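Participant: Okay, so here is run-v3.pdb, and as you'll see once you scroll down, it has PDB, C-alpha atoms.
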ATOM      1  CA  MET O   5     -44.168 -19.545 -29.513
ATOM      2  CA  THR O   6     -47.384 -21.543 -29.246
ATOM      3  CA  GLU O   7     -47.711 -24.118 -26.479
ATOM      4  CA  THR O   8     -48.819 -26.962 -28.756
ATOM      5  CA  ALA O   9     -45.876 -26.733 -31.133
ATOM      6  CA  VAL O  10     -42.481 -28.382 -30.675
ATOM      7  CA  TYR O  11     -39.677 -25.949 -31.495
ATOM      8  CA  ALA O  12     -36.264 -26.936 -32.805
ATOM      9  CA  ALA O  13     -33.319 -25.343 -34.585
ATOM     10  CA  GLY O  14     -30.410 -26.387 -36.758
ATOM     11  CA  GLY O  15     -28.335 -25.409 -39.725
ATOM     12  CA  VAL O  16     -27.022 -25.922 -43.199
ATOM     13  CA  VAL O  17     -23.367 -26.352 -42.279
ATOM     14  CA  TRP O  18     -21.087 -25.557 -45.211
ATOM     15  CA  ARG O  19     -17.438 -25.342 -46.212
ATOM     16  CA  ILE O  20     -15.375 -24.705 -49.337
ATOM     17  CA  VAL O  21     -13.137 -27.607 -50.434
ATOM     18  CA  ASP O  22     -10.858 -27.040 -53.450
ATOM     19  CA  GLU O  23     -13.002 -24.011 -54.343
ATOM     20  CA  LYS O  24     -16.150 -26.158 -54.346
ATOM     21  CA  LEU O  25     -19.084 -25.825 -51.972
ATOM     22  CA  ARG O  26     -19.949 -28.736 -49.698
ATOM     23  CA  VAL O  27     -22.761 -29.098 -47.150
ATOM     24  CA  LEU O  28     -22.985 -31.448 -44.188
ATOM     25  CA  LEU O  29     -25.540 -34.243 -43.926
ATOM     26  CA  ILE O  30     -26.095 -36.500 -40.939
ATOM     27  CA  HIS O  31     -27.098 -40.160 -41.082
ATOM     28  CA  ARG O  32     -29.210 -40.952 -38.023
ATOM     29  CA  THR O  33     -28.867 -44.348 -36.409
ATOM     30  CA  LYS O  34     -32.351 -44.802 -34.955
ATOM     31  CA  TYR O  35     -34.362 -43.499 -37.898
ATOM     32  CA  ARG O  36     -32.049 -44.745 -40.671
ATOM     33  CA  ASP O  37     -32.497 -41.464 -42.488
ATOM     34  CA  VAL O  38     -30.397 -38.646 -43.934
ATOM     35  CA  THR O  39     -31.143 -35.162 -42.696
ATOM     36  CA  LEU O  40     -29.712 -31.815 -41.566
ATOM     37  CA  PRO O  41     -28.314 -31.289 -38.049
ATOM     38  CA  LYS O  42     -31.023 -29.976 -35.729
ATOM     39  CA  GLY O  43     -32.608 -30.556 -32.343
ATOM     40  CA  LYS O  44     -35.238 -29.422 -29.879
ATOM     41  CA  VAL O  45     -35.015 -26.250 -27.821
ATOM     42  CA  ASP O  46     -33.960 -26.789 -24.217
ATOM     43  CA  PRO O  47     -35.902 -24.929 -21.478
ATOM     44  CA  GLY O  48     -34.839 -21.281 -21.355
ATOM     45  CA  GLU O  49     -32.928 -21.424 -24.643
ATOM     46  CA  MET O  50     -33.379 -19.055 -27.543
ATOM     47  CA  LEU O  51     -33.491 -20.605 -31.010
ATOM     48  CA  ALA O  52     -30.079 -19.361 -32.135
ATOM     49  CA  GLU O  53     -28.236 -20.993 -29.244
ATOM     50  CA  THR O  54     -30.214 -24.203 -29.796
ATOM     51  CA  ALA O  55     -28.990 -24.313 -33.396
ATOM     52  CA  VAL O  56     -25.326 -23.912 -32.417
ATOM     53  CA  ARG O  57     -25.572 -26.398 -29.548
ATOM     54  CA  GLU O  58     -27.324 -29.059 -31.631
ATOM     55  CA  ILE O  59     -24.914 -28.701 -34.555
ATOM     56  CA  HIS O  60     -22.019 -29.208 -32.151
ATOM     57  CA  GLU O  61     -23.651 -32.140 -30.350
ATOM     58  CA  GLU O  62     -24.502 -33.946 -33.585
ATOM     59  CA  THR O  63     -21.393 -33.187 -35.664
ATOM     60  CA  GLY O  64     -18.673 -32.176 -33.199
ATOM     61  CA  ILE O  65     -18.239 -28.902 -35.104
ATOM     62  CA  ARG O  66     -18.534 -25.515 -33.400
ATOM     63  CA  VAL O  67     -20.023 -22.889 -35.700
ATOM     64  CA  SER O  68     -21.246 -19.311 -35.672
ATOM     65  CA  LEU O  69     -24.559 -18.672 -37.371
ATOM     66  CA  GLY O  70     -24.876 -16.795 -40.627
ATOM     67  CA  VAL O  71     -28.055 -15.902 -42.482
ATOM     68  CA  PRO O  72     -31.361 -17.629 -41.630
ATOM     69  CA  VAL O  73     -32.332 -20.041 -44.420
ATOM     70  CA  GLY O  74     -35.890 -20.927 -43.589
ATOM     71  CA  VAL O  75     -38.337 -22.615 -41.272
ATOM     72  CA  SER O  76     -39.771 -26.098 -41.766
ATOM     73  CA  ARG O  77     -43.081 -27.247 -40.315
ATOM     74  CA  TYR O  78     -44.408 -30.777 -40.174
ATOM     75  CA  ARG O  79     -46.774 -32.920 -38.142
ATOM     76  CA  LEU O  80     -45.385 -35.355 -35.596
ATOM     77  CA  PRO O  81     -46.962 -38.769 -34.857
ATOM     78  CA  SER O  82     -48.262 -37.165 -31.636
ATOM     79  CA  LYS O  83     -50.253 -34.739 -33.877
ATOM     80  CA  ARG O  84     -48.212 -31.785 -32.582
ATOM     81  CA  THR O  85     -46.560 -29.507 -35.113
ATOM     82  CA  LYS O  86     -42.760 -29.377 -35.171
ATOM     83  CA  ILE O  87     -41.290 -26.028 -36.210
ATOM     84  CA  VAL O  88     -37.582 -25.998 -37.072
ATOM     85  CA  HIS O  89     -35.574 -22.800 -37.674
ATOM     86  CA  TYR O  90     -32.403 -23.101 -39.794
ATOM     87  CA  TRP O  91     -29.371 -20.901 -40.373
ATOM     88  CA  ALA O  92     -26.449 -21.127 -42.774
ATOM     89  CA  ALA O  93     -23.308 -21.867 -40.754
ATOM     90  CA  GLU O  94     -19.760 -22.012 -42.088
ATOM     91  CA  ALA O  95     -17.518 -24.759 -40.716
ATOM     92  CA  THR O  96     -13.999 -23.362 -40.569
ATOM     93  CA  GLU O  97     -11.030 -25.648 -41.136
ATOM     94  CA  ASP O  98      -9.971 -25.076 -37.518
ATOM     95  CA  ALA O  99     -13.406 -26.122 -36.247
ATOM     96  CA  ILE O 100     -13.364 -29.266 -38.387
ATOM     97  CA  ARG O 101      -9.836 -30.104 -37.267
ATOM     98  CA  VAL O 102     -10.746 -30.087 -33.558
ATOM     99  CA  SER O 103     -14.048 -31.920 -34.016
ATOM    100  CA  GLU O 104     -14.171 -35.100 -31.951
ATOM    101  CA  PHE O 105     -17.109 -36.683 -33.748
ATOM    102  CA  VAL O 106     -17.349 -40.458 -33.666
ATOM    103  CA  PRO O 107     -20.352 -42.547 -34.766
ATOM    104  CA  ASN O 108     -22.730 -43.017 -31.840
ATOM    105  CA  LYS O 109     -26.180 -44.298 -30.909
ATOM    106  CA  GLU O 110     -27.799 -41.186 -32.397
ATOM    107  CA  ILE O 111     -25.610 -40.303 -35.398
ATOM    108  CA  ALA O 112     -24.192 -43.149 -37.500
ATOM    109  CA  ALA O 113     -22.177 -40.893 -39.829
ATOM    110  CA  ILE O 114     -21.674 -37.371 -41.124
ATOM    111  CA  GLU O 115     -21.029 -36.678 -44.794
ATOM    112  CA  TRP O 116     -19.837 -33.681 -46.820
ATOM    113  CA  VAL O 117     -21.544 -33.546 -50.217
ATOM    114  CA  THR O 118     -22.330 -31.061 -52.968
ATOM    115  CA  PRO O 119     -25.673 -29.256 -52.565
ATOM    116  CA  LYS O 120     -26.954 -31.094 -55.662
ATOM    117  CA  LYS O 121     -26.095 -34.446 -54.112
ATOM    118  CA  ALA O 122     -27.634 -33.316 -50.810
ATOM    119  CA  ILE O 123     -30.960 -32.700 -52.548
ATOM    120  CA  SER O 124     -30.945 -36.252 -53.905
ATOM    121  CA  ARG O 125     -29.795 -37.817 -50.612
ATOM    122  CA  LEU O 126     -32.028 -36.077 -48.056
ATOM    123  CA  SER O 127     -34.881 -38.192 -46.730
ATOM    124  CA  TYR O 128     -37.434 -35.394 -46.277
ATOM    125  CA  PRO O 129     -38.879 -32.778 -48.673
ATOM    126  CA  VAL O 130     -38.818 -30.132 -45.913
ATOM    127  CA  ASP O 131     -35.013 -30.507 -45.738
ATOM    128  CA  VAL O 132     -34.740 -30.194 -49.508
ATOM    129  CA  GLU O 133     -36.616 -26.867 -49.313
ATOM    130  CA  ILE O 134     -34.093 -25.571 -46.783
ATOM    131  CA  ILE O 135     -31.194 -26.511 -49.095
ATOM    132  CA  GLU O 136     -32.962 -24.742 -51.976
ATOM    133  CA  ASN O 137     -33.299 -21.610 -49.828
ATOM    134  CA  PHE O 138     -29.613 -21.905 -48.977
ATOM    135  CA  LEU O 139     -28.708 -22.146 -52.674
ATOM    136  CA  ARG O 140     -30.464 -18.847 -53.344
ATOM    137  CA  LEU O 141     -27.937 -17.205 -51.020
ATOM    138  CA  VAL O 142     -25.160 -18.880 -52.975
ATOM    139  CA  ASP O 143     -26.613 -17.622 -56.266
ATOM    140  CA  GLU O 144     -26.821 -14.082 -54.860
ATOM    141  CA  GLY O 145     -23.183 -14.239 -53.743
ATOM    142  CA  VAL O 146     -23.991 -13.456 -50.101
ATOM    143  CA  LEU O 147     -23.195 -16.743 -48.386
ATOM    144  CA  ARG O 148     -20.303 -15.461 -46.274
ATOM    145  CA  THR O 149     -21.682 -12.745 -44.008
ATOM    146  CA  PHE O 150     -20.918 -10.942 -40.753
ATOM    147  CA  PRO O 151     -23.422  -9.604 -38.195
ATOM    148  CA  ILE O 152     -23.855  -6.204 -36.612
ATOM    149  CA  VAL O 153     -26.211  -6.631 -33.676
ATOM    150  CA  ALA O 154     -28.345  -3.765 -32.354
ATOM    151  CA  LEU O 155     -29.198  -4.576 -28.723
ATOM    152  CA  ARG O 156     -31.559  -2.678 -26.442
ATOM    153  CA  HIS O 157     -30.417  -2.710 -22.832
ATOM    154  CA  ALA O 158     -32.212  -5.100 -20.483
ATOM    155  CA  LYS O 159     -35.048  -4.078 -18.170
ATOM    156  CA  ALA O 160     -33.963  -1.181 -15.954
ATOM    157  CA  LEU O 161     -35.523   0.588 -12.995
ATOM    158  CA  ALA O 162     -38.106   3.132 -14.188
ATOM    159  CA  ARG O 163     -37.105   6.815 -14.241
ATOM    160  CA  GLU O 164     -39.798   7.726 -11.723
ATOM    161  CA  GLU O 165     -38.428   5.119  -9.309
ATOM    162  CA  TRP O 166     -34.865   6.449  -9.479
ATOM    163  CA  GLU O 167     -33.605   9.625  -7.820
ATOM    164  CA  GLY O 168     -30.092   9.688  -9.260
ATOM    165  CA  LYS O 169     -28.810  10.566 -12.737
ATOM    166  CA  ASP O 170     -30.614   8.780 -15.562
ATOM    167  CA  ALA O 171     -27.369   7.248 -16.830
ATOM    168  CA  ALA O 172     -26.886   5.565 -13.443
ATOM    169  CA  ARG O 173     -30.218   3.711 -13.432
ATOM    170  CA  PRO O 174     -29.576   0.036 -12.602
ATOM    171  CA  LEU O 175     -31.083  -3.119 -14.047
ATOM    172  CA  THR O 176     -34.012  -4.756 -12.279
ATOM    173  CA  SER O 177     -33.787  -8.407 -11.206
ATOM    174  CA  ARG O 178     -35.582  -9.307 -14.449
ATOM    175  CA  GLY O 179     -33.084  -7.205 -16.384
ATOM    176  CA  LYS O 180     -30.198  -9.101 -14.807
ATOM    177  CA  LYS O 181     -31.802 -12.387 -15.888
ATOM    178  CA  GLN O 182     -32.219 -11.023 -19.422
ATOM    179  CA  ALA O 183     -28.549  -9.991 -19.523
ATOM    180  CA  ARG O 184     -27.537 -13.545 -18.682
ATOM    181  CA  ALA O 185     -30.080 -15.086 -21.058
ATOM    182  CA  ILE O 186     -28.763 -13.281 -24.152
ATOM    183  CA  VAL O 187     -25.148 -14.438 -23.734
ATOM    184  CA  GLY O 188     -25.726 -17.754 -25.543
ATOM    185  CA  PRO O 189     -27.672 -16.288 -28.479
ATOM    186  CA  LEU O 190     -25.179 -13.450 -29.027
ATOM    187  CA  ARG O 191     -22.287 -15.892 -28.919
ATOM    188  CA  ALA O 192     -24.197 -18.067 -31.410
ATOM    189  CA  PHE O 193     -23.794 -15.284 -33.990
ATOM    190  CA  GLY O 194     -20.049 -15.082 -33.376
ATOM    191  CA  VAL O 195     -20.085 -11.669 -31.692
ATOM    192  CA  ARG O 196     -16.590 -10.685 -30.542
ATOM    193  CA  ARG O 197     -16.558  -6.878 -30.327
ATOM    194  CA  ILE O 198     -18.784  -5.224 -27.712
ATOM    195  CA  LEU O 199     -19.671  -1.533 -27.978
ATOM    196  CA  SER O 200     -21.951   0.081 -25.428
ATOM    197  CA  SER O 201     -23.433   3.329 -24.285
ATOM    198  CA  PRO O 202     -21.717   4.275 -20.990
ATOM    199  CA  ALA O 203     -25.072   4.199 -19.170
ATOM    200  CA  VAL O 204     -25.047   1.686 -16.309
ATOM    201  CA  ARG O 205     -28.077  -0.175 -17.700
ATOM    202  CA  CYS O 206     -26.253  -0.773 -21.004
ATOM    203  CA  MET O 207     -22.925  -1.708 -19.428
ATOM    204  CA  LYS O 208     -24.595  -4.187 -17.072
ATOM    205  CA  THR O 209     -26.528  -5.705 -19.981
ATOM    206  CA  VAL O 210     -23.366  -6.689 -21.859
ATOM    207  CA  ALA O 211     -21.226  -7.436 -18.787
ATOM    208  CA  PRO O 212     -22.135 -11.173 -18.723
ATOM    209  CA  LEU O 213     -21.315 -11.440 -22.450
ATOM    210  CA  ALA O 214     -17.971  -9.704 -21.949
ATOM    211  CA  GLU O 215     -17.149 -12.049 -19.070
ATOM    212  CA  SER O 216     -18.137 -15.095 -21.128
ATOM    213  CA  LEU O 217     -15.945 -13.994 -24.041
ATOM    214  CA  GLY O 218     -13.084 -12.784 -21.865
ATOM    215  CA  ARG O 219     -13.194  -9.446 -23.653
ATOM    216  CA  GLY O 220     -13.584  -5.805 -22.673
ATOM    217  CA  ILE O 221     -16.458  -3.427 -23.380
ATOM    218  CA  ASP O 222     -15.774  -0.398 -25.576
ATOM    219  CA  THR O 223     -17.934   2.468 -24.334
ATOM    220  CA  THR O 224     -18.983   5.335 -26.568
ATOM    221  CA  LYS O 225     -21.153   8.339 -25.752
ATOM    222  CA  LEU O 226     -22.018   8.569 -29.449
ATOM    223  CA  ILE O 227     -24.851   6.020 -28.947
ATOM    224  CA  SER O 228     -25.905   7.137 -25.451
ATOM    225  CA  GLN O 229     -29.357   8.446 -24.605
ATOM    226  CA  ASP O 230     -27.935  11.551 -22.932
ATOM    227  CA  ALA O 231     -26.129  12.489 -26.148
ATOM    228  CA  TRP O 232     -29.252  11.707 -28.199
ATOM    229  CA  GLU O 233     -31.406  13.957 -26.003
ATOM    230  CA  ASP O 234     -28.824  16.750 -26.320
ATOM    231  CA  GLY O 235     -28.585  16.305 -30.110
ATOM    232  CA  ARG O 236     -24.950  15.142 -29.858
ATOM    233  CA  SER O 237     -25.327  11.432 -30.691
ATOM    234  CA  ASP O 238     -23.552  10.128 -33.768
ATOM    235  CA  ALA O 239     -24.546   6.614 -34.810
ATOM    236  CA  ARG O 240     -23.153   7.269 -38.300
ATOM    237  CA  THR O 241     -19.525   7.324 -37.163
ATOM    238  CA  ILE O 242     -19.895   4.127 -35.143
ATOM    239  CA  ILE O 243     -21.747   2.263 -37.900
ATOM    240  CA  GLY O 244     -19.237   3.362 -40.538
ATOM    241  CA  GLU O 245     -16.398   1.911 -38.482
ATOM    242  CA  ARG O 246     -18.228  -1.366 -37.888
ATOM    243  CA  VAL O 247     -19.207  -1.874 -41.530
ATOM    244  CA  ARG O 248     -15.656  -1.186 -42.718
ATOM    245  CA  SER O 249     -14.229  -3.641 -40.173
ATOM    246  CA  ARG O 250     -16.340  -6.556 -41.494
ATOM    247  CA  LYS O 251     -16.186  -8.102 -37.997
ATOM    248  CA  PRO O 252     -19.086  -9.383 -35.843
ATOM    249  CA  ALA O 253     -20.082  -6.806 -33.236
ATOM    250  CA  VAL O 254     -22.879  -5.912 -30.844
ATOM    251  CA  LEU O 255     -23.949  -2.335 -30.110
ATOM    252  CA  CYS O 256     -25.868  -1.933 -26.833
ATOM    253  CA  SER O 257     -27.941   1.217 -26.765
ATOM    254  CA  HIS O 258     -31.317   2.754 -25.881
ATOM    255  CA  GLY O 259     -34.822   2.677 -27.338
ATOM    256  CA  PRO O 260     -34.699   6.227 -28.774
ATOM    257  CA  VAL O 261     -31.247   5.676 -30.335
ATOM    258  CA  LEU O 262     -31.944   2.321 -32.017
ATOM    259  CA  PRO O 263     -33.867   3.795 -35.010
ATOM    260  CA  ASP O 264     -30.796   5.928 -35.802
ATOM    261  CA  ILE O 265     -28.526   2.876 -35.595
ATOM    262  CA  LEU O 266     -30.715   0.859 -37.994
ATOM    263  CA  SER O 267     -31.175   3.813 -40.331
ATOM    264  CA  GLU O 268     -27.415   4.406 -40.496
ATOM    265  CA  LEU O 269     -26.850   0.709 -41.224
ATOM    266  CA  ALA O 270     -29.174   1.033 -44.209
ATOM    267  CA  LEU O 271     -27.444   4.203 -45.420
ATOM    268  CA  ALA O 272     -23.933   2.778 -44.967
ATOM    269  CA  THR O 273     -24.783  -0.291 -47.027
ATOM    270  CA  GLY O 274     -26.849   1.338 -49.775
ATOM    271  CA  THR O 275     -30.029  -0.386 -48.610
ATOM    272  CA  LEU O 276     -33.449   1.027 -49.412
ATOM    273  CA  ARG O 277     -35.096   2.158 -46.214
ATOM    274  CA  GLY O 278     -38.549   0.893 -45.357
ATOM    275  CA  SER O 279     -40.932  -0.093 -42.581
ATOM    276  CA  TYR O 280     -38.782  -3.148 -41.805
ATOM    277  CA  LEU O 281     -36.237  -0.810 -40.190
ATOM    278  CA  GLY O 282     -38.895   0.442 -37.798
ATOM    279  CA  SER O 283     -39.778  -3.115 -36.823
ATOM    280  CA  ALA O 284     -36.131  -4.043 -36.294
ATOM    281  CA  SER O 285     -35.512  -1.019 -34.054
ATOM    282  CA  ALA O 286     -38.734  -1.201 -31.987
ATOM    283  CA  LEU O 287     -37.177  -3.575 -29.483
ATOM    284  CA  GLU O 288     -38.336  -4.619 -26.046
ATOM    285  CA  PRO O 289     -35.745  -4.436 -23.231
ATOM    286  CA  GLY O 290     -33.168  -7.192 -23.712
ATOM    287  CA  ALA O 291     -34.163  -7.843 -27.324
ATOM    288  CA  PHE O 292     -31.799  -7.515 -30.286
ATOM    289  CA  SER O 293     -31.818  -7.356 -34.084
ATOM    290  CA  VAL O 294     -29.090  -9.092 -36.078
ATOM    291  CA  VAL O 295     -28.193  -7.276 -39.300
ATOM    292  CA  HIS O 296     -26.369  -9.612 -41.710
ATOM    293  CA  LEU O 297     -23.972  -8.012 -44.206
ATOM    294  CA  SER O 298     -21.873  -9.493 -46.999
ATOM    295  CA  VAL O 299     -18.202  -9.928 -46.070
ATOM    296  CA  ALA O 300     -17.109  -9.528 -49.683
ATOM    297  CA  ASN O 301     -19.168  -6.414 -50.327
ATOM    298  CA  PRO O 302     -20.885  -4.818 -47.306
ATOM    299  CA  GLY O 303     -21.990  -1.918 -49.521
ATOM    300  CA  SER O 304     -24.208  -4.264 -51.543
ATOM    301  CA  GLY O 305     -26.960  -3.893 -48.966
ATOM    302  CA  ILE O 306     -28.373  -5.594 -45.903
ATOM    303  CA  VAL O 307     -28.736  -9.312 -46.652
ATOM    304  CA  THR O 308     -31.386  -9.820 -43.979
ATOM    305  CA  ILE O 309     -32.405  -8.734 -40.477
ATOM    306  CA  GLU O 310     -33.718 -11.025 -37.743
ATOM    307  CA  THR O 311     -35.003 -10.033 -34.310
ATOM    308  CA  HIS O 312     -34.768 -12.065 -31.097
ATOM    309  CA  GLU O 313     -36.435 -11.521 -27.720
ATOM    310  CA  PRO O 314     -35.194 -12.982 -24.419
ATOM    311  CA  GLN O 315     -37.344 -15.729 -22.897
ATOM    312  CA  VAL O 316     -37.349 -14.076 -19.431
TER     313      VAL O 316
END
Mind converting the file's structure to structure tokens?

Facilitator:
Amino acid sequence: MTETAVYAAGGVVWRIVDEKLRVLLIHRTKYRDVTLPKGKVDPGEMLAETAVREIHEETGIRVSLGVPVGVSRYRLPSKRTKIVHYWAAEATEDAIRVSEFVPNKEIAAIEWVTPKKAISRLSYPVDVEIIENFLRLVDEGVLRTFPIVALRHAKALAREEWEGKDAARPLTSRGKKQARAIVGPLRAFGVRRILSSPAVRCMKTVAPLAESLGRGIDTTKLISQDAWEDGRSDARTIIGERVRSRKPAVLCSHGPVLPDILSELALATGTLRGSYLGSASALEPGAFSVVHLSVANPGSGIVTIETHEPQV
């Protein structure tokens, strides 16, 4: 992120009503305009959690993020550039039912409309472009997706600074901060299942997420570094199970194992392998790549991959 830019995030919130697609527009009180829900990043936030928080604050609807649908850039009156990241986000009937939205000093109204009507109603061309990107997903039949997240453990004590077994190496103070910082972003993608290498540095990385979700951590040696070094790792079995389940999950593993995890995701979904897999697996400690797959047909290939790095 550049210092001079203002960063924000939001979403194209959608639902199916009587088998017809509708998207959510907001009518802002102060600006008297029609736009998409979005807002500025709070200090320490990652973009994905900003998007979920802002959508909830502006519409009352809690969502999990789907596929990214574009980035808009425009100049503010202050001459700074505003950069807004958007995701597709399905509003479930349960989420809409418990929404407590009422018109307020910021948002005068929210409105569900067809995408065609949204294009004619939106006040800004940059928002229209985001809807057009969103419609390409619709045309490709990959609107409803689920994520498999490949997470590298947070910063751990270096091998040369540790006298015990490698699997027992603890997180550093920075690593502990990273583990806490990724809870919001991982929850933003709707992660519910947590799988981890049994190494302490992996378990401690996902412990704050597990506590936040009130869920356990499933450990598996099949994605551990010890097993990888001994030639006994088996990412294929784990990935096969996750793809078949069609449920959001995070896999916490190690730098050397991540390329196997991404490669097996490509193989399991019939995706052509390329340099993008190397980029998605070359993660810094505490970083993660979100692999989006079609719920209806996971074997149709990876829809997209996005990578996120902790801000600590």

Participant: What's the separation between CA of Pro252 in chain O and CA of Val195 in chain O, in Å to one decimal place?

Facilitator: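 Rounded to one decimal, the two atoms are 4.8 Å apart.
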
Participant: Just so the selection is clear, what residues does the PyMOL selection byres ((chain O and resi 65) around 9) cover here, as a list in words?

Facilitator: Ile59, His60, Glu61, Glu62, Thr63, Gly64, Arg66, Val67, Ala95, Thr96, Ala99, Ile100, Arg101, Val102, Ser103, Glu104 and Phe105 of chain O

Participant: Any chance you could tabulate, as JSON lines, the residues of range 242-288 of chain O at most 7 Å from range 222-228 of chain O with each one's nearest atom pair and distance in Å to one decimal, using all atoms listed in the file, in chain and rising number order?

Facilitator:
{"residue": "O:Ser257", "atom": "CA", "partner": "O:Ile227", "partner_atom": "CA", "distance": 6.1}
{"residue": "O:His258", "atom": "CA", "partner": "O:Ser228", "partner_atom": "CA", "distance": 7.0}
{"residue": "O:Val261", "atom": "CA", "partner": "O:Ile227", "partner_atom": "CA", "distance": 6.6}

Participant: Run the PyMOL selection byres ((chain O and resi 155-159) around 8) on the file and write out the hits as an MDAnalysis selection string.

Facilitator: chainID O and resid 153:154 160:161 175:176 178:180 182:183 205:206 209 254:259 262 287:293

Participant: Could you please determine the separation between CA of Leu139 in chain O and CA of Val71 in chain O in Å, to one decimal place?

Facilitator: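 Between CA of Leu139 in chain O and CA of Val71 in chain O the gap works out to 12.0 Å.
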
Participant: Can you give me, as a VMD selection string, the residues this file yields under the PyMOL selection byres ((chain O and resi 306) around 9)?

Facilitator: chain O and resid 269 to 270 273 to 275 295 to 298 302 to 305 307 to 309

Participant: Determine the nearest neighbour of Arg77 in chain O from the options O:Ala9, O:Phe193, O:Ile111, O:Ile152, counting all atoms listed in the file.

Facilitator: O:Ala9

Participant: Which residue, O:Val38, O:Ala284, O:Val45, O:Val204, has the smallest gap to Ser267 in chain O when you use all atoms listed in the file?

Facilitator: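 Among O:Val38, O:Ala284, O:Val45, O:Val204, it is O:Ala284 that comes nearest to Ser267 in chain O.
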